[in-house]
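What follows is a short report on a single structure.
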Amino acid sequence: MNDLRKKKFLEIKALGYQIESYIDDTVVDFSQFVGEGNIILENCSLGPFCKIGNGNIVYPSTTISHHCQVGDFNFFSIECAVAGEVVIKNNSFFGANCTVRNDVIVEDYTLIGAGTYISKNTEKYGVYVPERAKKLDKSCFDFR
């Protein structure tokens with residue numbers, strides 16, 4: 001859950017170095033603050049007044065909406081959607097195409113699986129995955 005990245009980040013900081021962030025030129029960035037050592041890849045959107053801590057990795061086409069607060073050392077897979085006024089603490093993982101509803105708190109060390117919809121606050125060390133897909137009886141549909 002990103003502890004190795006955190007350890008290396010703190011070791012480098014202890015040596016007195018500043019760690020630059022990389023924000024791709026295609027990112028739509030209306031954020032209020034972006035900390036050190038972040039990697040924010042192409043076609044992401046950082047909404048107005050959001051704050052991003054240190055050491056986060058944000059994969060392509062992820063949206064972190066208005067007034068969100070993202071802590072440190074989180075990992076966002078491709079095409080995550082984080083609605084407004086969400087608080088994300090530290091060391092969490094967001095699987096591809098997951099969605100976090102507005103006004104939710106994501107606690108430390110939360111793992112959110114691909115395709116999961118989070119509508120309530122999470123628990124520290126919680127693991128959240130979607131229901132499995134199920135095949136519907138085709139007799140219910142008219143395929144003409």
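By convention here, the chains of the structure tokens are called A, B, ... in the order presented, each chain's residues are numbered starting at 1, and ligands are numbered starting at 1 in the order presented.
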Handout entry: DSSP strand (DSSP E) residues within region 1-134 of chain A, as a PyMOL selection string
Key = chain A and resi 22-23+28-29+33-34+39-40+45-46+51-52+57-58+63-64+69-70+75-76+81-82+87-88+93-94+99-100+105-106+111-112+117-118+127-128
Distance query Leu10 (chain A) at most 12 Å, only C-alpha atoms, self and fewer than 4 positions along chain excluded, as a PDB file with all heavy atoms, in the first residue's frame:
ATOM      1  N   ASP A   3       3.871   1.880   0.991  1.00  0.00           N
ATOM      2  CA  ASP A   3       4.804   2.163   2.082  1.00  0.00           C
ATOM      3  C   ASP A   3       6.246   2.246   1.601  1.00  0.00           C
ATOM      4  O   ASP A   3       7.028   3.034   2.139  1.00  0.00           O
ATOM      5  CB  ASP A   3       4.675   1.114   3.193  1.00  0.00           C
ATOM      6  CG  ASP A   3       3.533   1.426   4.145  1.00  0.00           C
ATOM      7  OD1 ASP A   3       3.140   2.604   4.254  1.00  0.00           O
ATOM      8  OD2 ASP A   3       3.029   0.487   4.783  1.00  0.00           O
ATOM      9  N   LEU A   4       6.629   1.458   0.598  1.00  0.00           N
ATOM     10  CA  LEU A   4       7.992   1.530   0.087  1.00  0.00           C
ATOM     11  C   LEU A   4       8.251   2.895  -0.558  1.00  0.00           C
ATOM     12  O   LEU A   4       9.298   3.514  -0.325  1.00  0.00           O
ATOM     13  CB  LEU A   4       8.260   0.404  -0.918  1.00  0.00           C
ATOM     14  CG  LEU A   4       9.667   0.401  -1.530  1.00  0.00           C
ATOM     15  CD1 LEU A   4      10.735   0.277  -0.443  1.00  0.00           C
ATOM     16  CD2 LEU A   4       9.799  -0.741  -2.527  1.00  0.00           C
ATOM     17  N   ARG A   5       7.288   3.387  -1.345  1.00  0.00           N
ATOM     18  CA  ARG A   5       7.432   4.714  -1.936  1.00  0.00           C
ATOM     19  C   ARG A   5       7.532   5.775  -0.841  1.00  0.00           C
ATOM     20  O   ARG A   5       8.356   6.702  -0.922  1.00  0.00           O
ATOM     21  CB  ARG A   5       6.266   4.998  -2.887  1.00  0.00           C
ATOM     22  CG  ARG A   5       6.470   6.261  -3.688  1.00  0.00           C
ATOM     23  CD  ARG A   5       5.525   6.405  -4.874  1.00  0.00           C
ATOM     24  NE  ARG A   5       4.169   6.677  -4.459  1.00  0.00           N
ATOM     25  CZ  ARG A   5       3.152   5.841  -4.606  1.00  0.00           C
ATOM     26  NH1 ARG A   5       3.325   4.664  -5.141  1.00  0.00           N
ATOM     27  NH2 ARG A   5       1.948   6.176  -4.209  1.00  0.00           N
ATOM     28  N   LYS A   6       6.740   5.636   0.194  1.00  0.00           N
ATOM     29  CA  LYS A   6       6.785   6.569   1.323  1.00  0.00           C
ATOM     30  C   LYS A   6       8.154   6.528   2.002  1.00  0.00           C
ATOM     31  O   LYS A   6       8.745   7.573   2.300  1.00  0.00           O
ATOM     32  CB  LYS A   6       5.684   6.211   2.326  1.00  0.00           C
ATOM     33  CG  LYS A   6       5.665   7.069   3.557  1.00  0.00           C
ATOM     34  CD  LYS A   6       4.547   6.620   4.490  1.00  0.00           C
ATOM     35  CE  LYS A   6       4.516   7.406   5.770  1.00  0.00           C
ATOM     36  NZ  LYS A   6       3.428   6.955   6.658  1.00  0.00           N
ATOM     37  N   ALA A  14      15.085  13.441   4.024  1.00  0.00           N
ATOM     38  CA  ALA A  14      16.010  13.533   5.163  1.00  0.00           C
ATOM     39  C   ALA A  14      17.409  13.949   4.709  1.00  0.00           C
ATOM     40  O   ALA A  14      18.173  14.521   5.502  1.00  0.00           O
ATOM     41  CB  ALA A  14      16.054  12.202   5.911  1.00  0.00           C
ATOM     42  N   LEU A  15      17.744  13.673   3.467  1.00  0.00           N
ATOM     43  CA  LEU A  15      19.039  14.083   2.914  1.00  0.00           C
ATOM     44  C   LEU A  15      19.031  15.549   2.464  1.00  0.00           C
ATOM     45  O   LEU A  15      20.038  16.067   1.999  1.00  0.00           O
ATOM     46  CB  LEU A  15      19.422  13.186   1.734  1.00  0.00           C
ATOM     47  CG  LEU A  15      19.704  11.722   2.089  1.00  0.00           C
ATOM     48  CD1 LEU A  15      19.870  10.895   0.816  1.00  0.00           C
ATOM     49  CD2 LEU A  15      20.938  11.618   2.981  1.00  0.00           C
ATOM     50  N   GLY A  16      17.863  16.192   2.569  1.00  0.00           N
ATOM     51  CA  GLY A  16      17.760  17.611   2.252  1.00  0.00           C
ATOM     52  C   GLY A  16      17.322  17.936   0.843  1.00  0.00           C
ATOM     53  O   GLY A  16      17.351  19.100   0.430  1.00  0.00           O
ATOM     54  N   TYR A  17      16.887  16.936   0.085  1.00  0.00           N
ATOM     55  CA  TYR A  17      16.473  17.174  -1.298  1.00  0.00           C
ATOM     56  C   TYR A  17      15.013  17.586  -1.388  1.00  0.00           C
ATOM     57  O   TYR A  17      14.185  17.172  -0.575  1.00  0.00           O
ATOM     58  CB  TYR A  17      16.668  15.908  -2.140  1.00  0.00           C
ATOM     59  CG  TYR A  17      18.118  15.557  -2.372  1.00  0.00           C
ATOM     60  CD1 TYR A  17      18.735  14.578  -1.605  1.00  0.00           C
ATOM     61  CD2 TYR A  17      18.855  16.210  -3.353  1.00  0.00           C
ATOM     62  CE1 TYR A  17      20.072  14.253  -1.812  1.00  0.00           C
ATOM     63  CE2 TYR A  17      20.181  15.884  -3.567  1.00  0.00           C
ATOM     64  CZ  TYR A  17      20.780  14.916  -2.791  1.00  0.00           C
ATOM     65  OH  TYR A  17      22.095  14.591  -2.998  1.00  0.00           O
ATOM     66  N   GLN A  18      14.725  18.376  -2.422  1.00  0.00           N
ATOM     67  CA  GLN A  18      13.344  18.671  -2.791  1.00  0.00           C
ATOM     68  C   GLN A  18      12.974  17.673  -3.878  1.00  0.00           C
ATOM     69  O   GLN A  18      13.792  17.359  -4.749  1.00  0.00           O
ATOM     70  CB  GLN A  18      13.219  20.096  -3.327  1.00  0.00           C
ATOM     71  CG  GLN A  18      11.823  20.457  -3.754  1.00  0.00           C
ATOM     72  CD  GLN A  18      11.721  21.894  -4.239  1.00  0.00           C
ATOM     73  OE1 GLN A  18      12.558  22.737  -3.926  1.00  0.00           O
ATOM     74  NE2 GLN A  18      10.703  22.168  -5.026  1.00  0.00           N
ATOM     75  N   ILE A  19      11.759  17.169  -3.861  1.00  0.00           N
ATOM     76  CA  ILE A  19      11.323  16.187  -4.845  1.00  0.00           C
ATOM     77  C   ILE A  19      10.286  16.843  -5.744  1.00  0.00           C
ATOM     78  O   ILE A  19       9.227  17.270  -5.284  1.00  0.00           O
ATOM     79  CB  ILE A  19      10.751  14.930  -4.158  1.00  0.00           C
ATOM     80  CG1 ILE A  19      11.799  14.320  -3.221  1.00  0.00           C
ATOM     81  CG2 ILE A  19      10.283  13.916  -5.195  1.00  0.00           C
ATOM     82  CD1 ILE A  19      11.291  13.201  -2.357  1.00  0.00           C
ATOM     83  N   GLU A  36       4.836  17.664  -3.165  1.00  0.00           N
ATOM     84  CA  GLU A  36       6.060  17.160  -3.784  1.00  0.00           C
ATOM     85  C   GLU A  36       5.925  15.704  -4.210  1.00  0.00           C
ATOM     86  O   GLU A  36       5.192  14.932  -3.600  1.00  0.00           O
ATOM     87  CB  GLU A  36       7.219  17.231  -2.786  1.00  0.00           C
ATOM     88  CG  GLU A  36       7.696  18.619  -2.457  1.00  0.00           C
ATOM     89  CD  GLU A  36       8.913  18.580  -1.559  1.00  0.00           C
ATOM     90  OE1 GLU A  36      10.000  18.175  -2.022  1.00  0.00           O
ATOM     91  OE2 GLU A  36       8.779  18.933  -0.373  1.00  0.00           O
ATOM     92  N   GLY A  37       6.676  15.350  -5.238  1.00  0.00           N
ATOM     93  CA  GLY A  37       6.834  13.957  -5.627  1.00  0.00           C
ATOM     94  C   GLY A  37       5.602  13.289  -6.209  1.00  0.00           C
ATOM     95  O   GLY A  37       5.494  12.069  -6.188  1.00  0.00           O
ATOM     96  N   ASN A  54       1.610  14.689  -0.951  1.00  0.00           N
ATOM     97  CA  ASN A  54       2.898  14.273  -1.492  1.00  0.00           C
ATOM     98  C   ASN A  54       2.883  12.817  -1.947  1.00  0.00           C
ATOM     99  O   ASN A  54       2.207  11.979  -1.357  1.00  0.00           O
ATOM    100  CB  ASN A  54       3.990  14.421  -0.428  1.00  0.00           C
ATOM    101  CG  ASN A  54       4.148  15.847   0.042  1.00  0.00           C
ATOM    102  OD1 ASN A  54       4.152  16.773  -0.756  1.00  0.00           O
ATOM    103  ND2 ASN A  54       4.282  16.024   1.344  1.00  0.00           N
ATOM    104  N   GLY A  55       3.686  12.538  -2.984  1.00  0.00           N
ATOM    105  CA  GLY A  55       3.962  11.168  -3.383  1.00  0.00           C
ATOM    106  C   GLY A  55       2.802  10.391  -3.964  1.00  0.00           C
ATOM    107  O   GLY A  55       2.806   9.167  -3.924  1.00  0.00           O
ATOM    108  N   ASP A  72      -1.305  11.710   1.295  1.00  0.00           N
ATOM    109  CA  ASP A  72      -0.010  11.317   0.756  1.00  0.00           C
ATOM    110  C   ASP A  72       0.023   9.841   0.351  1.00  0.00           C
ATOM    111  O   ASP A  72      -0.616   9.006   0.986  1.00  0.00           O
ATOM    112  CB  ASP A  72       1.081  11.544   1.806  1.00  0.00           C
ATOM    113  CG  ASP A  72       1.171  12.992   2.260  1.00  0.00           C
ATOM    114  OD1 ASP A  72       0.864  13.893   1.458  1.00  0.00           O
ATOM    115  OD2 ASP A  72       1.557  13.222   3.428  1.00  0.00           O
ATOM    116  N   PHE A  73       0.791   9.556  -0.702  1.00  0.00           N
ATOM    117  CA  PHE A  73       1.150   8.200  -1.132  1.00  0.00           C
ATOM    118  C   PHE A  73      -0.055   7.341  -1.521  1.00  0.00           C
ATOM    119  O   PHE A  73      -0.123   6.158  -1.219  1.00  0.00           O
ATOM    120  CB  PHE A  73       2.021   7.509  -0.068  1.00  0.00           C
ATOM    121  CG  PHE A  73       3.191   8.357   0.326  1.00  0.00           C
ATOM    122  CD1 PHE A  73       3.215   9.018   1.540  1.00  0.00           C
ATOM    123  CD2 PHE A  73       4.233   8.553  -0.560  1.00  0.00           C
ATOM    124  CE1 PHE A  73       4.271   9.838   1.882  1.00  0.00           C
ATOM    125  CE2 PHE A  73       5.301   9.381  -0.229  1.00  0.00           C
ATOM    126  CZ  PHE A  73       5.323  10.020   1.000  1.00  0.00           C
TER     127      PHE A  73
END
Practice task
Please report, as a PyMOL selection string, each residue of chain A to which DSSP assigns helix (DSSP H, G or I) when run on this structure's backbone.
Solution key: chain A and resi 3-14+138-140
For the residues selected in the previous step, produce a file with all heavy atoms as a short mmCIF file (atom, residue, chain, number, x, y, z; two decimals), in the first residue's frame.
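What landed in again_39.cif:
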data_model
loop_
_atom_site.label_atom_id
_atom_site.label_comp_id
_atom_site.auth_asym_id
_atom_site.auth_seq_id
_atom_site.Cartn_x
_atom_site.Cartn_y
_atom_site.Cartn_z
N ASP A 3 3.87 1.88 0.99
CA ASP A 3 4.80 2.16 2.08
C ASP A 3 6.25 2.25 1.60
O ASP A 3 7.03 3.03 2.14
CB ASP A 3 4.68 1.11 3.19
CG ASP A 3 3.53 1.43 4.14
OD1 ASP A 3 3.14 2.60 4.25
OD2 ASP A 3 3.03 0.49 4.78
N LEU A 4 6.63 1.46 0.60
CA LEU A 4 7.99 1.53 0.09
C LEU A 4 8.25 2.89 -0.56
O LEU A 4 9.30 3.51 -0.32
CB LEU A 4 8.26 0.40 -0.92
CG LEU A 4 9.67 0.40 -1.53
CD1 LEU A 4 10.73 0.28 -0.44
CD2 LEU A 4 9.80 -0.74 -2.53
N ARG A 5 7.29 3.39 -1.34
CA ARG A 5 7.43 4.71 -1.94
C ARG A 5 7.53 5.78 -0.84
O ARG A 5 8.36 6.70 -0.92
CB ARG A 5 6.27 5.00 -2.89
CG ARG A 5 6.47 6.26 -3.69
CD ARG A 5 5.53 6.41 -4.87
NE ARG A 5 4.17 6.68 -4.46
CZ ARG A 5 3.15 5.84 -4.61
NH1 ARG A 5 3.33 4.66 -5.14
NH2 ARG A 5 1.95 6.18 -4.21
N LYS A 6 6.74 5.64 0.19
CA LYS A 6 6.79 6.57 1.32
C LYS A 6 8.15 6.53 2.00
O LYS A 6 8.74 7.57 2.30
CB LYS A 6 5.68 6.21 2.33
CG LYS A 6 5.66 7.07 3.56
CD LYS A 6 4.55 6.62 4.49
CE LYS A 6 4.52 7.41 5.77
NZ LYS A 6 3.43 6.95 6.66
N LYS A 7 8.67 5.33 2.23
CA LYS A 7 9.98 5.17 2.90
C LYS A 7 11.07 5.86 2.09
O LYS A 7 11.88 6.62 2.64
CB LYS A 7 10.29 3.69 3.07
CG LYS A 7 11.64 3.43 3.69
CD LYS A 7 11.93 1.94 3.77
CE LYS A 7 13.34 1.74 4.30
NZ LYS A 7 13.89 0.45 4.00
N LYS A 8 11.12 5.61 0.78
CA LYS A 8 12.14 6.22 -0.08
C LYS A 8 11.98 7.73 -0.14
O LYS A 8 12.97 8.48 -0.12
CB LYS A 8 12.09 5.62 -1.49
CG LYS A 8 12.44 4.15 -1.54
CD LYS A 8 13.85 3.91 -1.02
CE LYS A 8 14.21 2.44 -1.09
NZ LYS A 8 15.52 2.18 -0.49
N PHE A 9 10.75 8.21 -0.22
CA PHE A 9 10.48 9.64 -0.23
C PHE A 9 11.05 10.29 1.03
O PHE A 9 11.76 11.29 0.97
CB PHE A 9 8.96 9.87 -0.31
CG PHE A 9 8.54 11.30 -0.34
CD1 PHE A 9 8.31 11.95 -1.53
CD2 PHE A 9 8.35 12.02 0.84
CE1 PHE A 9 7.90 13.28 -1.56
CE2 PHE A 9 7.94 13.34 0.83
CZ PHE A 9 7.71 13.98 -0.38
N LEU A 10 10.77 9.70 2.19
CA LEU A 10 11.25 10.27 3.46
C LEU A 10 12.76 10.19 3.59
O LEU A 10 13.39 11.11 4.14
CB LEU A 10 10.55 9.58 4.62
CG LEU A 10 9.03 9.81 4.70
CD1 LEU A 10 8.42 8.98 5.81
CD2 LEU A 10 8.71 11.29 4.87
N GLU A 11 13.37 9.14 3.06
CA GLU A 11 14.84 9.03 3.07
C GLU A 11 15.47 10.16 2.25
O GLU A 11 16.45 10.79 2.66
CB GLU A 11 15.29 7.68 2.52
CG GLU A 11 15.05 6.52 3.46
CD GLU A 11 15.36 5.17 2.83
OE1 GLU A 11 15.77 5.11 1.64
OE2 GLU A 11 15.19 4.15 3.53
N ILE A 12 14.90 10.41 1.07
CA ILE A 12 15.42 11.47 0.20
C ILE A 12 15.22 12.83 0.84
O ILE A 12 16.11 13.69 0.82
CB ILE A 12 14.75 11.39 -1.19
CG1 ILE A 12 15.21 10.11 -1.90
CG2 ILE A 12 15.06 12.63 -2.02
CD1 ILE A 12 14.42 9.76 -3.14
N LYS A 13 14.06 13.06 1.44
CA LYS A 13 13.80 14.33 2.13
C LYS A 13 14.76 14.53 3.29
O LYS A 13 15.24 15.64 3.53
CB LYS A 13 12.35 14.38 2.63
CG LYS A 13 11.30 14.50 1.55
CD LYS A 13 11.45 15.73 0.70
CE LYS A 13 11.11 16.98 1.48
NZ LYS A 13 11.30 18.21 0.70
N ALA A 14 15.08 13.44 4.02
CA ALA A 14 16.01 13.53 5.16
C ALA A 14 17.41 13.95 4.71
O ALA A 14 18.17 14.52 5.50
CB ALA A 14 16.05 12.20 5.91
N LYS A 138 -31.29 -14.79 -21.13
CA LYS A 138 -31.54 -14.10 -22.39
C LYS A 138 -33.01 -14.14 -22.81
O LYS A 138 -33.42 -13.36 -23.67
CB LYS A 138 -30.63 -14.62 -23.49
CG LYS A 138 -30.87 -16.05 -23.88
CD LYS A 138 -29.89 -16.46 -24.96
CE LYS A 138 -30.06 -17.94 -25.23
NZ LYS A 138 -29.06 -18.41 -26.16
N SER A 139 -33.80 -14.97 -22.20
CA SER A 139 -35.22 -15.02 -22.56
C SER A 139 -35.94 -13.73 -22.14
O SER A 139 -37.05 -13.47 -22.58
CB SER A 139 -35.90 -16.24 -21.95
OG SER A 139 -35.91 -16.14 -20.54
N CYS A 140 -35.28 -12.93 -21.29
CA CYS A 140 -35.87 -11.68 -20.85
C CYS A 140 -35.80 -10.59 -21.92
O CYS A 140 -36.40 -9.53 -21.78
CB CYS A 140 -35.16 -11.17 -19.60
SG CYS A 140 -35.30 -12.27 -18.19
#
Polymer residues at most 7 Å from region 20-30 of chain A, only C-alpha atoms, same-chain spacing of 5 or more positions, as a PDB file with N, CA and C atoms, in the first residue's frame:
ATOM      1  N   GLU A  36       4.836  17.664  -3.165  1.00  0.00           N
ATOM      2  CA  GLU A  36       6.060  17.160  -3.784  1.00  0.00           C
ATOM      3  C   GLU A  36       5.925  15.704  -4.210  1.00  0.00           C
ATOM      4  N   GLY A  37       6.676  15.350  -5.238  1.00  0.00           N
ATOM      5  CA  GLY A  37       6.834  13.957  -5.627  1.00  0.00           C
ATOM      6  C   GLY A  37       5.602  13.289  -6.209  1.00  0.00           C
ATOM      7  N   ASN A  38       4.690  14.061  -6.742  1.00  0.00           N
ATOM      8  CA  ASN A  38       3.495  13.498  -7.369  1.00  0.00           C
ATOM      9  C   ASN A  38       3.758  13.217  -8.838  1.00  0.00           C
ATOM     10  N   ILE A  39       3.092  12.200  -9.369  1.00  0.00           N
ATOM     11  CA  ILE A  39       3.110  11.919 -10.797  1.00  0.00           C
ATOM     12  C   ILE A  39       1.657  11.924 -11.252  1.00  0.00           C
ATOM     13  N   ILE A  40       1.305  12.899 -12.088  1.00  0.00           N
ATOM     14  CA  ILE A  40      -0.066  13.039 -12.571  1.00  0.00           C
ATOM     15  C   ILE A  40      -0.003  12.963 -14.094  1.00  0.00           C
ATOM     16  N   LEU A  41      -0.518  11.870 -14.623  1.00  0.00           N
ATOM     17  CA  LEU A  41      -0.353  11.556 -16.037  1.00  0.00           C
ATOM     18  C   LEU A  41      -1.441  12.177 -16.911  1.00  0.00           C
ATOM     19  N   GLU A  42      -1.407  11.880 -18.197  1.00  0.00           N
ATOM     20  CA  GLU A  42      -2.184  12.598 -19.198  1.00  0.00           C
ATOM     21  C   GLU A  42      -3.700  12.518 -18.997  1.00  0.00           C
ATOM     22  N   ASN A  43      -4.327  13.611 -19.409  1.00  0.00           N
ATOM     23  CA  ASN A  43      -5.787  13.754 -19.470  1.00  0.00           C
ATOM     24  C   ASN A  43      -6.488  13.653 -18.119  1.00  0.00           C
ATOM     25  N   CYS A  44      -5.786  13.933 -17.051  1.00  0.00           N
ATOM     26  CA  CYS A  44      -6.433  13.986 -15.732  1.00  0.00           C
ATOM     27  C   CYS A  44      -7.049  15.364 -15.526  1.00  0.00           C
ATOM     28  N   SER A  45      -7.940  15.434 -14.553  1.00  0.00           N
ATOM     29  CA  SER A  45      -8.566  16.698 -14.216  1.00  0.00           C
ATOM     30  C   SER A  45      -8.498  16.890 -12.703  1.00  0.00           C
ATOM     31  N   LEU A  46      -7.924  18.016 -12.291  1.00  0.00           N
ATOM     32  CA  LEU A  46      -7.870  18.388 -10.874  1.00  0.00           C
ATOM     33  C   LEU A  46      -8.790  19.585 -10.707  1.00  0.00           C
ATOM     34  N   GLY A  47      -9.878  19.382  -9.983  1.00  0.00           N
ATOM     35  CA  GLY A  47     -10.916  20.395  -9.870  1.00  0.00           C
ATOM     36  C   GLY A  47     -10.518  21.592  -9.036  1.00  0.00           C
ATOM     37  N   PRO A  48     -11.335  22.642  -9.125  1.00  0.00           N
ATOM     38  CA  PRO A  48     -11.064  23.857  -8.368  1.00  0.00           C
ATOM     39  C   PRO A  48     -10.960  23.602  -6.873  1.00  0.00           C
ATOM     40  N   PHE A  49      -9.977  24.211  -6.284  1.00  0.00           N
ATOM     41  CA  PHE A  49      -9.749  24.220  -4.838  1.00  0.00           C
ATOM     42  C   PHE A  49      -9.364  22.860  -4.258  1.00  0.00           C
TER      43      PHE A  49
END
Shell around region 110-118 of chain A at 8 Å using only C-alpha atoms, local window under 4 positions removed, as a compact mmCIF listing (two decimals) with N, CA, C and O atoms, in the first residue's frame:
# COMPACT_ATOMS: atom_id res chain seq x y z
N ASN A 91 -2.03 6.52 1.77
CA ASN A 91 -1.66 5.15 1.43
C ASN A 91 -2.82 4.29 0.95
O ASN A 91 -2.91 3.12 1.29
N SER A 92 -3.69 4.84 0.14
CA SER A 92 -4.82 4.07 -0.39
C SER A 92 -4.60 3.75 -1.86
O SER A 92 -3.80 4.39 -2.54
N PHE A 93 -5.33 2.74 -2.33
CA PHE A 93 -5.24 2.29 -3.72
C PHE A 93 -6.62 2.34 -4.33
O PHE A 93 -7.59 1.85 -3.76
N PHE A 94 -6.70 2.93 -5.54
CA PHE A 94 -7.95 3.08 -6.26
C PHE A 94 -7.85 2.32 -7.58
O PHE A 94 -7.05 2.70 -8.44
N GLY A 95 -8.63 1.26 -7.74
CA GLY A 95 -8.59 0.44 -8.95
C GLY A 95 -9.21 1.15 -10.13
O GLY A 95 -9.95 2.13 -9.99
N ALA A 96 -8.93 0.63 -11.32
CA ALA A 96 -9.41 1.22 -12.57
C ALA A 96 -10.92 1.41 -12.56
O ALA A 96 -11.68 0.55 -12.11
N ASN A 97 -11.36 2.57 -13.03
CA ASN A 97 -12.78 2.88 -13.20
C ASN A 97 -13.59 2.85 -11.91
O ASN A 97 -14.79 2.64 -11.93
N CYS A 98 -12.95 3.06 -10.78
CA CYS A 98 -13.73 3.15 -9.54
C CYS A 98 -14.28 4.58 -9.42
O CYS A 98 -13.81 5.51 -10.06
N THR A 99 -15.31 4.72 -8.59
CA THR A 99 -15.97 6.01 -8.37
C THR A 99 -16.16 6.22 -6.88
O THR A 99 -16.62 5.32 -6.18
N VAL A 100 -15.82 7.42 -6.41
CA VAL A 100 -16.06 7.80 -5.02
C VAL A 100 -17.04 8.96 -5.04
O VAL A 100 -16.79 10.00 -5.65
N ARG A 101 -18.19 8.76 -4.39
CA ARG A 101 -19.26 9.76 -4.33
C ARG A 101 -18.82 10.98 -3.54
O ARG A 101 -17.91 10.91 -2.72
N VAL A 106 -12.26 8.71 2.71
CA VAL A 106 -11.55 7.46 2.43
C VAL A 106 -10.40 7.39 3.44
O VAL A 106 -9.47 8.20 3.39
N THR A 122 -15.16 5.01 4.21
CA THR A 122 -14.52 3.71 4.31
C THR A 122 -13.92 3.53 5.71
O THR A 122 -13.85 4.48 6.49
N GLU A 123 -13.45 2.32 5.98
CA GLU A 123 -12.76 2.03 7.23
C GLU A 123 -11.27 1.85 6.96
O GLU A 123 -10.89 1.36 5.89
N LYS A 124 -10.45 2.21 7.92
CA LYS A 124 -9.01 2.02 7.79
C LYS A 124 -8.73 0.55 7.52
O LYS A 124 -9.32 -0.32 8.17
N TYR A 125 -7.87 0.27 6.56
CA TYR A 125 -7.51 -1.08 6.09
C TYR A 125 -8.68 -1.82 5.44
O TYR A 125 -8.61 -3.03 5.25
N GLY A 126 -9.72 -1.10 5.07
CA GLY A 126 -10.86 -1.74 4.42
C GLY A 126 -10.54 -2.10 2.97
O GLY A 126 -9.79 -1.41 2.29
N VAL A 127 -11.14 -3.19 2.51
CA VAL A 127 -11.01 -3.63 1.13
C VAL A 127 -12.41 -3.65 0.54
O VAL A 127 -13.31 -4.30 1.07
N TYR A 128 -12.59 -2.92 -0.58
CA TYR A 128 -13.91 -2.76 -1.18
C TYR A 128 -13.85 -3.21 -2.64
O TYR A 128 -13.00 -2.74 -3.40
N VAL A 129 -14.73 -4.13 -3.00
CA VAL A 129 -14.79 -4.63 -4.38
C VAL A 129 -16.25 -4.65 -4.82
O VAL A 129 -17.15 -4.74 -3.99
N PRO A 130 -16.49 -4.60 -6.14
CA PRO A 130 -17.88 -4.61 -6.61
C PRO A 130 -18.46 -6.02 -6.57
O PRO A 130 -17.73 -7.01 -6.49
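In this model, the gap between CA of Ala83 (chain A) and CA of Ser31 (chain A) comes to 14.0 Å.
Minimum atom-to-atom distance to Gly84 (chain A), evaluated using only C-alpha atoms, belongs to A:Val70 out of A:Val70, A:Met1, A:Leu136, A:Ile57.
Nearest to Asn2 (chain A) of all the residues A:Val82, A:Asn90, A:Asp137, A:Ile64 is A:Asn90, counting only C-alpha atoms.
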Handout entry: Residue nearest Gln32 (chain A) among A:Ile105, A:Cys50, A:Ala81, A:Val58 (counting only C-alpha atoms)
Key =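 Looking at the shortest contact to Gln32 (chain A), the residue is A:Cys50.
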Practice task
To one decimal in Å, tell me the separation between CA of Lys89 (chain A) and CA of Val34 (chain A).
Solution key: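 Here the two named atoms are 14.8 Å from each other.
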Practice task
Excluding Val87 (chain A) and any residue of its chain fewer than 6 positions from it, enumerate the residues within 9 Å of it, using only C-alpha atoms, and give them as number ranges by chain.
Solution key: A: 67-71, 103-107
Would you mind exporting N, CA, C and O atoms of the selected residues as a compact mmCIF listing (two decimals), in the first residue's frame?
# COMPACT_ATOMS: atom_id res chain seq x y z
N HIS A 67 -12.78 20.83 -4.46
CA HIS A 67 -12.66 20.85 -3.00
C HIS A 67 -12.24 19.51 -2.39
O HIS A 67 -12.47 19.29 -1.20
N CYS A 68 -11.66 18.62 -3.16
CA CYS A 68 -11.17 17.35 -2.60
C CYS A 68 -9.85 17.59 -1.89
O CYS A 68 -9.08 18.48 -2.24
N GLN A 69 -9.59 16.77 -0.88
CA GLN A 69 -8.32 16.79 -0.17
C GLN A 69 -7.73 15.39 -0.27
O GLN A 69 -8.30 14.44 0.25
N VAL A 70 -6.60 15.29 -0.96
CA VAL A 70 -5.92 14.02 -1.14
C VAL A 70 -4.66 14.05 -0.29
O VAL A 70 -3.84 14.96 -0.44
N GLY A 71 -4.51 13.07 0.57
CA GLY A 71 -3.34 12.99 1.45
C GLY A 71 -2.10 12.58 0.69
O GLY A 71 -1.87 12.99 -0.45
N ASP A 103 -18.59 14.01 -0.76
CA ASP A 103 -18.68 14.11 0.70
C ASP A 103 -18.34 12.80 1.43
O ASP A 103 -18.88 12.54 2.50
N VAL A 104 -17.45 12.00 0.88
CA VAL A 104 -17.04 10.74 1.49
C VAL A 104 -15.63 10.90 2.04
O VAL A 104 -14.82 11.66 1.50
N ILE A 105 -15.32 10.19 3.12
CA ILE A 105 -13.98 10.13 3.67
C ILE A 105 -13.41 8.74 3.38
O ILE A 105 -14.01 7.73 3.76
N VAL A 106 -12.26 8.71 2.71
CA VAL A 106 -11.55 7.46 2.43
C VAL A 106 -10.40 7.39 3.44
O VAL A 106 -9.47 8.20 3.39
N GLU A 107 -10.50 6.45 4.35
CA GLU A 107 -9.51 6.32 5.43
C GLU A 107 -8.17 5.79 4.92
O GLU A 107 -8.07 5.28 3.81
Handout entry: Two-atom distance - CA of Tyr109 (chain A), CA of Cys80 (chain A) (Å)
Key =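 We find that CA of Tyr109 (chain A) and CA of Cys80 (chain A) lie 17.1 Å from each other.
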